file upload-v2.txt (compact mmCIF, C-alpha atoms and all ligand atoms)
# COMPACT_ATOMS: atom_id res chain seq x y z
CA MET A 1 5.10 -27.20 34.30
CA ILE A 2 8.61 -26.19 33.32
CA MET A 3 10.35 -22.82 33.06
CA ILE A 4 11.99 -21.49 29.91
CA ARG A 5 13.60 -18.11 29.26
CA VAL A 6 12.86 -16.15 26.06
CA ASN A 7 14.74 -12.89 25.42
CA GLY A 8 15.50 -12.78 29.15
CA LEU A 9 11.85 -13.26 30.22
CA GLU A 10 10.79 -16.34 32.16
CA LEU A 11 7.85 -18.28 30.74
CA GLN A 12 5.96 -21.23 32.10
CA ALA A 13 5.42 -24.03 29.59
CA THR A 14 4.34 -27.61 29.33
CA GLU A 15 7.27 -30.00 28.95
CA GLY A 16 7.60 -31.26 25.37
CA GLY A 17 5.48 -28.41 23.97
CA ASN A 18 6.08 -26.86 20.58
CA LEU A 19 8.41 -23.89 21.17
CA LEU A 20 6.84 -21.84 18.38
CA GLU A 21 3.35 -22.29 19.81
CA VAL A 22 4.56 -21.64 23.36
CA MET A 23 6.16 -18.35 22.32
CA ARG A 24 3.18 -17.28 20.24
CA ALA A 25 0.85 -18.03 23.15
CA ALA A 26 3.00 -15.65 25.19
CA ASP A 27 2.60 -12.94 22.49
CA ILE A 28 6.18 -13.28 21.31
CA ARG A 29 6.07 -12.56 17.58
CA ILE A 30 7.77 -15.17 15.40
CA PRO A 31 7.39 -15.31 11.60
CA ALA A 32 6.47 -18.63 9.99
CA VAL A 33 4.49 -19.63 6.91
CA CYS A 34 4.76 -23.43 6.80
CA PHE A 35 3.35 -24.00 10.27
CA HIS A 36 -0.33 -24.52 11.03
CA PRO A 37 -1.65 -25.64 14.42
CA ALA A 38 -4.42 -27.66 12.74
CA LEU A 39 -1.84 -30.02 11.23
CA LYS A 40 -0.36 -32.92 13.16
CA SER A 41 3.32 -32.05 12.86
CA ALA A 42 5.65 -29.20 11.95
CA THR A 43 8.12 -29.43 9.06
CA GLY A 44 10.31 -26.33 9.45
CA ILE A 45 10.42 -26.01 5.65
CA CYS A 46 10.15 -22.20 5.49
CA ARG A 47 12.93 -21.70 8.10
CA LEU A 48 11.44 -18.31 9.03
CA CYS A 49 10.95 -19.30 12.67
CA THR A 50 14.67 -19.87 13.23
CA VAL A 51 15.73 -18.74 16.72
CA GLU A 52 18.81 -19.19 18.89
CA VAL A 53 18.26 -21.96 21.40
CA ALA A 54 20.53 -23.09 24.25
CA LEU A 55 19.76 -26.30 26.07
CA PRO A 56 20.88 -26.37 29.71
CA GLY A 57 24.68 -26.58 29.79
CA LYS A 58 25.03 -26.31 26.01
CA ALA A 59 26.13 -23.54 23.61
CA PRO A 60 23.39 -21.65 21.71
CA ALA A 61 22.54 -22.94 18.26
CA ALA A 62 20.19 -21.80 15.48
CA LYS A 63 17.08 -23.97 15.38
CA ARG A 64 13.65 -23.80 13.83
CA ALA A 65 11.34 -23.03 16.74
CA CYS A 66 8.54 -25.17 15.31
CA LEU A 67 10.79 -28.24 15.62
CA VAL A 68 12.04 -27.59 19.18
CA LYS A 69 10.34 -29.29 22.13
CA THR A 70 10.37 -27.30 25.33
CA VAL A 71 12.51 -28.57 28.21
CA ASN A 72 13.13 -27.02 31.57
CA GLY A 73 15.84 -24.33 31.52
CA LEU A 74 15.70 -23.76 27.76
CA VAL A 75 17.11 -20.33 26.83
CA VAL A 76 15.86 -18.69 23.62
CA GLN A 77 16.82 -15.55 21.71
CA THR A 78 14.43 -14.38 19.02
CA GLU A 79 15.92 -11.03 18.03
CA SER A 80 19.70 -11.53 17.87
CA VAL A 81 21.85 -10.59 14.86
CA ALA A 82 22.22 -14.28 13.98
CA VAL A 83 18.44 -14.78 14.09
CA GLN A 84 17.85 -11.75 11.87
CA ALA A 85 20.46 -13.04 9.38
CA ALA A 86 18.79 -16.47 9.33
CA ARG A 87 15.37 -14.86 8.72
CA GLU A 88 16.77 -12.79 5.87
CA LYS A 89 18.29 -15.84 4.24
CA ALA A 90 15.06 -17.80 4.60
CA MET A 91 12.95 -14.93 3.29
CA ARG A 92 15.23 -14.41 0.29
CA SER A 93 14.88 -18.05 -0.62
CA LEU A 94 11.07 -17.93 -0.29
CA LEU A 95 10.75 -14.72 -2.30
CA LYS A 96 12.88 -16.20 -5.08
CA GLN A 97 10.11 -18.74 -5.54
CA ALA A 98 7.16 -16.42 -4.94
CA PRO A 99 8.30 -12.82 -5.50
CA GLN A 100 4.78 -11.39 -5.61
CA ALA A 101 3.49 -13.15 -2.48
CA GLU A 102 1.94 -10.35 -0.43
CA ARG A 103 1.99 -12.37 2.76
CA LEU A 104 5.77 -12.76 2.53
CA ILE A 105 6.26 -9.08 1.75
CA HIS A 106 4.07 -8.06 4.72
CA LEU A 107 5.95 -10.44 7.01
CA ALA A 108 9.26 -8.97 5.85
CA GLN A 109 7.98 -5.47 6.65
CA GLU A 110 6.56 -6.53 10.00
CA PHE A 111 9.79 -8.16 11.11
CA GLY A 112 12.19 -5.65 9.55
CA ILE A 113 13.63 -8.27 7.20
CA ARG A 114 15.56 -6.60 4.39
CA ILE A 115 14.50 -7.94 1.02
CA ASP A 116 15.44 -7.21 -2.56
CA PRO A 117 12.83 -5.23 -4.46
CA ALA A 118 10.54 -7.29 -6.69
CA PRO A 119 11.85 -7.70 -10.26
CA ASP A 120 10.71 -4.77 -12.41
CA GLY A 121 11.23 -6.39 -15.81
CA CYS A 122 14.35 -4.35 -16.61
CA ILE A 123 17.63 -6.27 -16.99
CA ARG A 124 19.79 -3.12 -16.84
CA CYS A 125 21.35 -3.81 -20.25
CA LEU A 126 21.52 0.01 -20.81
CA LEU A 127 20.58 -0.32 -24.50
CA CYS A 128 17.77 2.23 -24.09
CA GLU A 129 19.97 4.75 -22.31
CA ARG A 130 22.75 4.38 -24.89
CA VAL A 131 20.56 4.51 -27.99
CA CYS A 132 18.73 7.57 -26.68
CA LYS A 133 22.04 9.36 -26.11
CA GLU A 134 24.23 8.03 -28.95
CA VAL A 135 21.76 7.64 -31.80
CA VAL A 136 18.73 9.80 -31.00
CA GLY A 137 20.82 12.47 -29.30
CA ALA A 138 18.12 13.23 -26.71
CA GLY A 139 19.74 11.89 -23.51
CA ALA A 140 16.30 11.35 -21.99
CA LEU A 141 17.29 8.28 -19.96
CA LYS A 142 19.99 7.77 -17.37
CA ALA A 143 21.25 4.96 -15.20
CA GLY A 144 20.53 5.99 -11.62
CA LYS A 145 20.06 4.54 -8.14
CA ARG A 146 16.99 4.48 -5.91
CA ASP A 147 16.90 2.89 -2.47
CA GLY A 148 20.29 1.35 -3.23
CA GLN A 149 19.02 -0.27 -6.45
CA ARG A 150 20.38 0.50 -9.92
CA LEU A 151 17.66 1.47 -12.36
CA ILE A 152 16.91 3.38 -15.56
CA GLU A 153 15.34 6.78 -14.88
CA PRO A 154 13.83 9.46 -17.13
CA VAL A 155 15.60 12.82 -17.48
CA GLU A 156 12.82 15.38 -17.37
CA GLY A 157 12.06 17.37 -20.51
CA ARG A 158 14.50 15.54 -22.81
CA CYS A 159 12.33 12.91 -24.49
CA ILE A 160 11.28 13.61 -28.08
CA GLY A 161 8.86 10.69 -28.22
CA CYS A 162 10.61 8.77 -31.00
CA GLY A 163 10.04 5.35 -29.38
CA THR A 164 13.54 4.06 -30.22
CA CYS A 165 14.15 3.00 -26.61
CA ALA A 166 10.96 0.92 -26.54
CA ASN A 167 11.83 -0.73 -29.85
CA ILE A 168 15.35 -1.67 -28.78
CA CYS A 169 14.38 -2.87 -25.27
CA PRO A 170 14.86 -6.68 -25.15
CA THR A 171 12.29 -7.19 -22.36
CA HIS A 172 9.67 -4.66 -23.55
CA VAL A 173 9.62 -2.95 -20.17
CA ILE A 174 9.53 0.44 -21.95
CA ARG A 175 6.10 1.10 -23.39
CA ILE A 176 4.75 3.39 -26.12
CA THR A 177 1.06 4.18 -25.76
CA ASP A 178 -0.72 6.26 -28.44
CA GLU A 179 -4.10 7.31 -27.06
CA GLU A 180 -6.36 10.21 -28.02
CA ASN A 181 -3.65 11.72 -30.18
CA VAL A 182 -1.13 11.70 -27.34
CA ARG A 183 1.97 9.49 -27.20
CA THR A 184 3.24 8.41 -23.80
CA ILE A 185 6.61 6.72 -23.35
CA SER A 186 6.97 5.06 -19.96
CA ILE A 187 9.06 2.64 -17.96
CA ARG A 188 7.62 0.69 -15.00
CA GLY A 189 4.61 3.02 -15.20
CA GLU A 190 6.83 6.10 -14.82
CA VAL A 191 6.41 8.63 -17.63
CA ILE A 192 9.54 9.34 -19.70
CA GLY A 193 7.78 11.68 -22.11
CA ARG A 194 4.26 12.67 -23.13
CA HIS A 195 3.70 14.32 -26.50
CA PRO A 196 0.88 15.30 -28.87
CA LEU A 197 0.85 13.42 -32.17
CA GLU A 198 1.10 15.22 -35.51
CA THR A 199 -0.96 14.32 -38.57
CA CYS A 200 0.59 12.61 -41.63
CA GLU A 201 0.25 14.92 -44.62
CA GLY A 202 -0.26 11.88 -46.83
CA CYS A 203 -3.04 9.89 -45.13
CA GLY A 204 -4.08 12.06 -42.23
CA ARG A 205 -3.32 9.61 -39.43
CA ARG A 206 -1.53 10.73 -36.29
CA PHE A 207 1.95 9.25 -36.45
CA ALA A 208 4.80 11.25 -34.87
CA THR A 209 5.53 13.83 -32.24
CA PRO A 210 6.38 17.47 -33.14
CA LYS A 211 9.76 17.21 -31.40
CA PHE A 212 10.64 14.07 -33.34
CA LEU A 213 9.67 15.71 -36.65
CA GLU A 214 11.72 18.77 -35.73
CA VAL A 215 14.80 16.68 -34.99
CA THR A 216 14.35 14.60 -38.16
CA HIS A 217 14.05 17.76 -40.20
CA GLU A 218 17.11 19.41 -38.65
CA ARG A 219 19.31 16.34 -38.96
CA ALA A 220 18.38 15.11 -42.39
CA VAL A 221 17.65 18.21 -44.38
CA ASP A 222 21.25 18.98 -45.40
CA HIS A 223 22.01 15.46 -46.57
CA HIS A 224 18.63 14.52 -47.99
CA PRO A 225 16.82 17.57 -49.37
CA ASP A 226 13.64 15.52 -50.06
CA VAL A 227 13.24 15.11 -46.33
CA LYS A 228 12.55 18.80 -46.06
CA GLU A 229 9.43 18.38 -48.16
CA HIS A 230 8.33 14.93 -47.12
CA HIS A 231 9.35 14.36 -43.52
CA ARG A 232 5.76 14.95 -42.44
CA TRP A 233 4.65 11.70 -44.06
CA CYS A 234 4.13 8.58 -41.97
CA PRO A 235 6.41 5.61 -42.90
CA GLU A 236 3.71 3.99 -45.07
CA CYS A 237 3.06 7.18 -47.04
CA ALA A 238 6.79 7.84 -47.28
CA LYS A 239 7.13 4.46 -49.04
CA ARG A 240 4.07 4.98 -51.19
CA LEU A 241 4.78 8.56 -52.18
CA SER A 242 8.57 8.52 -52.21
CA PRO A 243 10.06 9.76 -55.52
CA ARG A 244 12.14 6.57 -55.68
CA VAL A 245 9.01 4.44 -55.66
CA SER A 246 6.49 6.57 -57.47
CA GLY A 247 8.86 7.96 -60.06
CA THR A 248 6.71 11.08 -60.22
CA LEU A 249 9.23 13.32 -58.54
CA THR A 250 12.81 14.00 -59.47
CA ARG A 251 15.34 12.82 -56.94
CA ARG A 252 17.70 15.60 -55.92
CA TYR A 253 20.29 13.52 -54.06
S1 LIG B 301 11.32 7.88 -26.83
FE1 LIG B 301 12.29 9.44 -25.54
S2 LIG B 301 13.54 8.25 -24.12
FE2 LIG B 301 12.99 6.84 -25.77
S3 LIG B 301 14.75 6.97 -27.22
FE3 LIG B 301 13.20 8.48 -27.91
S4 LIG B 301 13.82 10.38 -26.93
FE4 LIG B 301 14.88 8.72 -25.82
call {"tool": "encode", "arguments": {"input": "upload-v2.txt", "output": "structure tokens"}}
result
Amino acid sequence: MIMIRVNGLELQATEGGNLLEVMRAADIRIPAVCFHPALKSATGICRLCTVEVALPGKAPAAKRACLVKTVNGLVVQTESVAVQAAREKAMRSLLKQAPQAERLIHLAQEFGIRIDPAPDGCIRCLLCERVCKEVVGAGALKAGKRDGQRLIEPVEGRCIGCGTCANICPTHVIRITDEENVRTISIRGEVIGRHPLETCEGCGRRFATPKFLEVTHERAVDHHPDVKEHHRWCPECAKRLSPRVSGTLTRRY
């Protein structure tokens, strides 16, 4: 038997043993996903088991524990700043390839490895926030920060349910759901606005929210007097019944 020292504690080990297995047998927690004791050899591909190792008379160096053979007098650090940095780098690289892998996410939590949040489908182009403010005039979205991450957030009570943000979004991360006469606008499952749907006076289908109709009426009525009478038509009925198309009504603008 030989003696090695891990985090200041002396451990007995068999000479030439696998350092990762030796440490795990001594209940020293080391993350690794590419190692399996049933397989003949280790590869060190995941790099998660990187530790600081000093051979007798030599300076410490970062090494993958699964590739180190135990020798007498080996000194190992598993929780140093350098080890944590190496784990973070390895984990980032693994999560880039498998961002939804629960095992990786659990390992990161267990070992306190900081990781970037999983992609949420938003590319932070700000088109939704700008169109809502500049064109719709509602200001129902804002660019904010949560847990150090930039993201688009709803501003409570401002949404009019027009759906412009969802239509302009290049990744379709903003959703419009019309269900049981209620329109819900949401981003990443978070509600931006929820509104009842009004009935089209032409065909009777539910098509727009009261707030949207109110805004349309207020904005357009001075410039387009027909809007006052016909803004409660859905787009299809507006085309079908419009005085320009039907010729049955006299245009006043
Ligand atoms: S649906 Fe709401 S958040 Fe989206 S553009 Fe219209 S008012 Fe703004």
call {"tool": "residues_near_ligand", "arguments": {"input": "upload-v2.txt", "ligand": "ligand LIG 301 (chain B)", "cutoff": "6 Å", "atoms": "only C-alpha atoms and all ligand atoms", "output": "compact mmCIF listing (two decimals) with C-alpha atoms, keeping the file's coordinate frame"}}
result
# COMPACT_ATOMS: atom_id res chain seq x y z
CA CYS A 132 18.73 7.57 -26.68
CA ALA A 138 18.12 13.23 -26.71
CA ALA A 140 16.30 11.35 -21.99
CA LEU A 141 17.29 8.28 -19.96
CA CYS A 159 12.33 12.91 -24.49
CA ILE A 160 11.28 13.61 -28.08
CA GLY A 161 8.86 10.69 -28.22
CA CYS A 162 10.61 8.77 -31.00
CA GLY A 163 10.04 5.35 -29.38
CA THR A 164 13.54 4.06 -30.22
CA CYS A 165 14.15 3.00 -26.61
CA ILE A 185 6.61 6.72 -23.35
call {"tool": "residues_around", "arguments": {"input": "upload-v2.txt", "residues": "Pro31 of chain A", "least_positions_apart": "2", "cutoff": "8 Å", "atoms": "only C-alpha atoms", "output": "compact mmCIF listing (two decimals) with C-alpha atoms, keeping the file's coordinate frame"}}
result
# COMPACT_ATOMS: atom_id res chain seq x y z
CA ARG A 29 6.07 -12.56 17.58
CA VAL A 33 4.49 -19.63 6.91
CA LEU A 48 11.44 -18.31 9.03
CA CYS A 49 10.95 -19.30 12.67
CA LEU A 107 5.95 -10.44 7.01
CA PHE A 111 9.79 -8.16 11.11
call {"tool": "residues_around", "arguments": {"input": "upload-v2.txt", "residues": "Glu79 of chain A", "least_positions_apart": "6", "cutoff": "12 Å", "atoms": "all atoms listed in the file", "output": "MDAnalysis selection string"}}
result
chainID A and resid 6:8 28:31 49:53 62 85:87 111:113
call {"tool": "closest_residue", "arguments": {"input": "upload-v2.txt", "among": "A:Ile45, A:Leu151, A:Val191, A:Leu95", "to": "Leu67 of chain A", "atoms": "only C-alpha atoms"}}
result
A:Ile45
call {"tool": "residues_around", "arguments": {"input": "upload-v2.txt", "residues": "Glu180 of chain A", "least_positions_apart": "3", "cutoff": "10 Å", "atoms": "all atoms listed in the file", "output": "PyMOL selection string"}}
result
chain A and resi 177+183+196-197+206
call {"tool": "closest_residue", "arguments": {"input": "upload-v2.txt", "among": "A:Ala238, A:Ala26, A:Ala90, A:Ala220", "to": "Cys200 of chain A", "atoms": "all atoms listed in the file"}}
result
A:Ala238
call {"tool": "atom_distance", "arguments": {"input": "upload-v2.txt", "atom1": "atom CA of His195 of chain A", "atom2": "atom CA of Val182 of chain A"}}
result
5.6 Å
call {"tool": "closest_residue", "arguments": {"input": "upload-v2.txt", "among": "A:Gln84, A:Asn18, A:Asn167, A:Gln97", "to": "Cys66 of chain A", "atoms": "all atoms listed in the file"}}
result
A:Asn18
